Amino acid sequence: ASSGGIGSPRSRLIHHSSPQLLSGKSDSKISSDIEHTPVQTLNKSPIVQKLWKTRDEAKRRVMGKLTMGDGEYSEVSLAAAELIAEGRKGEYEPPSKLGKHPRESEVGIMYEFSKDQYLLETYRNPYGEMRFGKILEDLDALAGNIAFNHVEGNPLIVTAGVDRIRLRRRPDINANQFLSGKVTWVGSSSMEIRMKISANEDGSDEWLEAYFTFVTLHPTTKKAIKISPLIPETDEERVHFELGAVKAQAKRAARKNKIQIGRPLSDESLKIDARAAQLLEQAGPLLKMPSLADPNTILMNETAQGNAMVAQPQARNLHDRIFGGFLMRRA
């Protein structure tokens with residue numbers, strides 16, 4: 001059995017259409033679109049706009065704040081709302097003990113570069129290649145939609161970390177690309193999300209793989225809350241789930257072995273301490289007699305760089321906090 005690619009019937013594919021300067025819409029229609037579009041999306045890329053608008057539509061539906069007719073919502077929003085409506089009667093509800101399947105959180109979106117000139121120019125850099133900073137924003141936005149599909153109620157979803165982004169080759173920006181992902185592992189209050197970008201709609205010819213970790217917090221207390229367990233269905237999903245569990249265990253072990261003042265050093269910490277002492281000894285000539293030091297060596301603090309920037313309101317996300325994708329792009 002396969003896990004179902006982005007083109008499978010059970011994958012939620014969000015169809016993107018770029019804004020048109022002359023759309024032919026009436027003034028009232030345009031005004032209605034603007035009124036019900038989250039203000040946080042107005043200065044984002046077309047893909048982030050579509051992802052956030054989809055999530056906002058589903059939220060307003062399940063929270064009972066719907067003011068538009070069904071015709072104003074995409075099929076993706078309607079499907080997402082139907083899927084999670086029963087579990088979202090209030091702001092937050094305890095997770096289901098039965099768990100959810102990875103396919104229930106799966107989301108995909110297509111970059112129609114071959115047809116959409118506006119979208120193409122948004123992602124093209126001066127060298128005619130992909131702007132990976134924009135891809136980082138899209139990954140963070142997509143991961144948020146995936147996490148939202150898995151949780152119940154309306155908790156605060158936060159990007160806890162980016163574990164890995166693997167780039168296998170440079171993509172052809174003139175060809176369509178397909179971004180998709182789903183939850184692959186779940187702990188008590190955190191989840192791992194795997195995303196990929198491929199050149200084919202069936203998920204083959206994958207050139208980017210990314211793992212994000214999200215945590216869920218109570219909207220009022222901001223404390224970690226439990227989320228529904230994950231139930232893998234296919235061999236591929238079981239493999240990803242087991243790998244996620246191994247990585248989570250390694251993170252816990254690393255936190256346990258972290259050097260702390262007043263705490264006995266573990267064997268691993270002793271090795272790190274010995275290595276640090278060795279490096280400090282090697283830095284002695286650079287610190288005391290730079291003219292006699294190896295010219296091919298450099299002090300760590302000489303490699304440091306910093307920057308200060310003002311995070312304008314346009315950089316915020318749907319929770320009115322700074323957008324993680326913006327931070328990654330600027331970094």
# chains A, B, ... in the order shown; residues from 1 in each chain; ligands from 1

call {"tool": "select_by_dssp", "arguments": {"residues": "range 91-242 of chain A", "states": "strand (DSSP E)", "output": "ChimeraX atom specification"}}
result
/A:107-111,156-167,177-186,190-198,206-217

call {"tool": "residues_around", "arguments": {"residues": "Leu243 in chain A", "least_positions_apart": "5", "cutoff": "12 Å", "atoms": "only C-alpha atoms", "output": "ChimeraX atom specification"}}
result
/A:184-186,192-194,211,236-238,248-250

call {"tool": "residues_around", "arguments": {"residues": "Ala199 in chain A", "least_positions_apart": "2", "cutoff": "8 Å", "atoms": "only C-alpha atoms", "output": "PyMOL selection string"}}
result
chain A and resi 171+175-178+197+201+203-207

call {"tool": "write_last_selection", "arguments": {"atoms": "all heavy atoms", "output": "CSV table (one decimal), in the first residue's frame"}}
result
chain,number,residue,atom,x,y,z
A,171,PRO,N,15.8,23.0,-8.6
A,171,PRO,CA,14.6,22.7,-9.4
A,171,PRO,C,14.6,23.6,-10.6
A,171,PRO,O,15.3,24.6,-10.7
A,171,PRO,CB,13.5,23.1,-8.4
A,171,PRO,CG,14.1,24.1,-7.6
A,171,PRO,CD,15.5,23.8,-7.4
A,175,ALA,N,9.1,25.0,-14.6
A,175,ALA,CA,8.2,23.8,-14.5
A,175,ALA,C,7.3,23.9,-13.3
A,175,ALA,O,7.7,24.4,-12.3
A,175,ALA,CB,9.0,22.5,-14.6
A,176,ASN,N,6.1,23.3,-13.3
A,176,ASN,CA,5.3,23.3,-12.2
A,176,ASN,C,5.9,22.4,-11.0
A,176,ASN,O,6.6,21.5,-11.3
A,176,ASN,CB,3.9,22.6,-12.5
A,176,ASN,CG,3.1,23.5,-13.4
A,176,ASN,OD1,3.4,24.7,-13.6
A,176,ASN,ND2,2.1,22.9,-14.1
A,177,GLN,N,5.6,22.8,-9.8
A,177,GLN,CA,6.2,22.1,-8.6
A,177,GLN,C,5.0,21.8,-7.7
A,177,GLN,O,4.0,22.6,-7.7
A,177,GLN,CB,7.2,23.0,-7.9
A,177,GLN,CG,8.4,23.4,-8.8
A,177,GLN,CD,9.2,22.3,-9.3
A,177,GLN,OE1,9.3,21.2,-8.8
A,177,GLN,NE2,9.9,22.5,-10.5
A,178,PHE,N,5.2,20.8,-6.9
A,178,PHE,CA,4.1,20.4,-6.0
A,178,PHE,C,4.6,20.3,-4.5
A,178,PHE,O,5.5,19.5,-4.3
A,178,PHE,CB,3.5,19.0,-6.5
A,178,PHE,CG,3.0,19.1,-7.9
A,178,PHE,CD1,3.9,18.8,-8.9
A,178,PHE,CD2,1.7,19.5,-8.2
A,178,PHE,CE1,3.5,18.9,-10.2
A,178,PHE,CE2,1.3,19.5,-9.5
A,178,PHE,CZ,2.2,19.2,-10.5
A,197,ILE,N,8.8,18.7,-1.7
A,197,ILE,CA,8.4,19.4,-3.0
A,197,ILE,C,8.9,18.5,-4.1
A,197,ILE,O,10.1,18.0,-4.1
A,197,ILE,CB,9.1,20.8,-3.1
A,197,ILE,CG1,8.7,21.6,-1.9
A,197,ILE,CG2,8.6,21.4,-4.4
A,197,ILE,CD1,9.3,23.0,-1.9
A,201,GLU,N,3.1,15.5,-9.9
A,201,GLU,CA,2.0,15.6,-9.1
A,201,GLU,C,1.8,14.3,-8.2
A,201,GLU,O,1.2,14.4,-7.1
A,201,GLU,CB,0.7,15.8,-9.9
A,201,GLU,CG,-0.5,16.2,-9.1
A,201,GLU,CD,-1.7,16.7,-9.9
A,201,GLU,OE1,-1.5,16.8,-11.2
A,201,GLU,OE2,-2.7,16.9,-9.4
A,203,GLY,N,4.0,12.9,-6.6
A,203,GLY,CA,5.0,12.9,-5.5
A,203,GLY,C,6.4,12.4,-5.8
A,203,GLY,O,7.3,12.4,-5.0
A,204,SER,N,6.5,11.9,-7.1
A,204,SER,CA,7.8,11.3,-7.5
A,204,SER,C,8.8,12.5,-7.9
A,204,SER,O,8.3,13.6,-8.0
A,204,SER,CB,7.7,10.4,-8.7
A,204,SER,OG,7.1,11.0,-9.8
A,205,ASP,N,10.0,12.2,-8.1
A,205,ASP,CA,11.0,13.2,-8.4
A,205,ASP,C,11.1,14.3,-7.4
A,205,ASP,O,11.1,15.5,-7.6
A,205,ASP,CB,10.8,13.8,-9.8
A,205,ASP,CG,12.0,14.5,-10.4
A,205,ASP,OD1,13.1,14.3,-9.8
A,205,ASP,OD2,11.8,15.3,-11.3
A,206,GLU,N,11.2,13.8,-6.1
A,206,GLU,CA,11.2,14.7,-5.0
A,206,GLU,C,12.6,15.4,-4.9
A,206,GLU,O,13.6,14.7,-4.9
A,206,GLU,CB,10.9,13.9,-3.7
A,206,GLU,CG,11.1,14.6,-2.4
A,206,GLU,CD,10.9,13.7,-1.2
A,206,GLU,OE1,9.9,12.9,-1.3
A,206,GLU,OE2,11.7,13.8,-0.3
A,207,TRP,N,12.6,16.7,-4.8
A,207,TRP,CA,13.9,17.4,-4.7
A,207,TRP,C,14.1,18.2,-3.4
A,207,TRP,O,15.2,18.7,-3.1
A,207,TRP,CB,14.1,18.4,-5.9
A,207,TRP,CG,13.0,19.4,-6.1
A,207,TRP,CD1,11.9,19.3,-6.9
A,207,TRP,CD2,12.9,20.7,-5.5
A,207,TRP,NE1,11.1,20.4,-6.8
A,207,TRP,CE2,11.7,21.3,-6.0
A,207,TRP,CE3,13.7,21.4,-4.6
A,207,TRP,CZ2,11.3,22.6,-5.6
A,207,TRP,CZ3,13.3,22.7,-4.2
A,207,TRP,CH2,12.1,23.3,-4.7

call {"tool": "atom_distance", "arguments": {"atom1": "CA of Leu139 in chain A", "atom2": "CA of Asp116 in chain A"}}
result
20.2 Å

call {"tool": "select_by_dssp", "arguments": {"residues": "range 216-323 of chain A", "states": "alpha helix (DSSP H)", "output": "NGL selection string"}}
result
:A and (235-256 or 267-282 or 284-288)

call {"tool": "residues_around", "arguments": {"residues": "Leu42 in chain A", "least_positions_apart": "4", "cutoff": "8 Å", "atoms": "only C-alpha atoms", "output": "list in words"}}
result
Pro38, Gln49 and Gln314 of chain A

call {"tool": "atom_distance", "arguments": {"atom1": "CA of Gly144 in chain A", "atom2": "CA of Ala308 in chain A"}}
result
26.5 Å

call {"tool": "residues_around", "arguments": {"residues": "Lys115 in chain A", "least_positions_apart": "3", "cutoff": "12 Å", "atoms": "only C-alpha atoms", "output": "ChimeraX atom specification"}}
result
/A:16-18,110-112,118-121,173-177
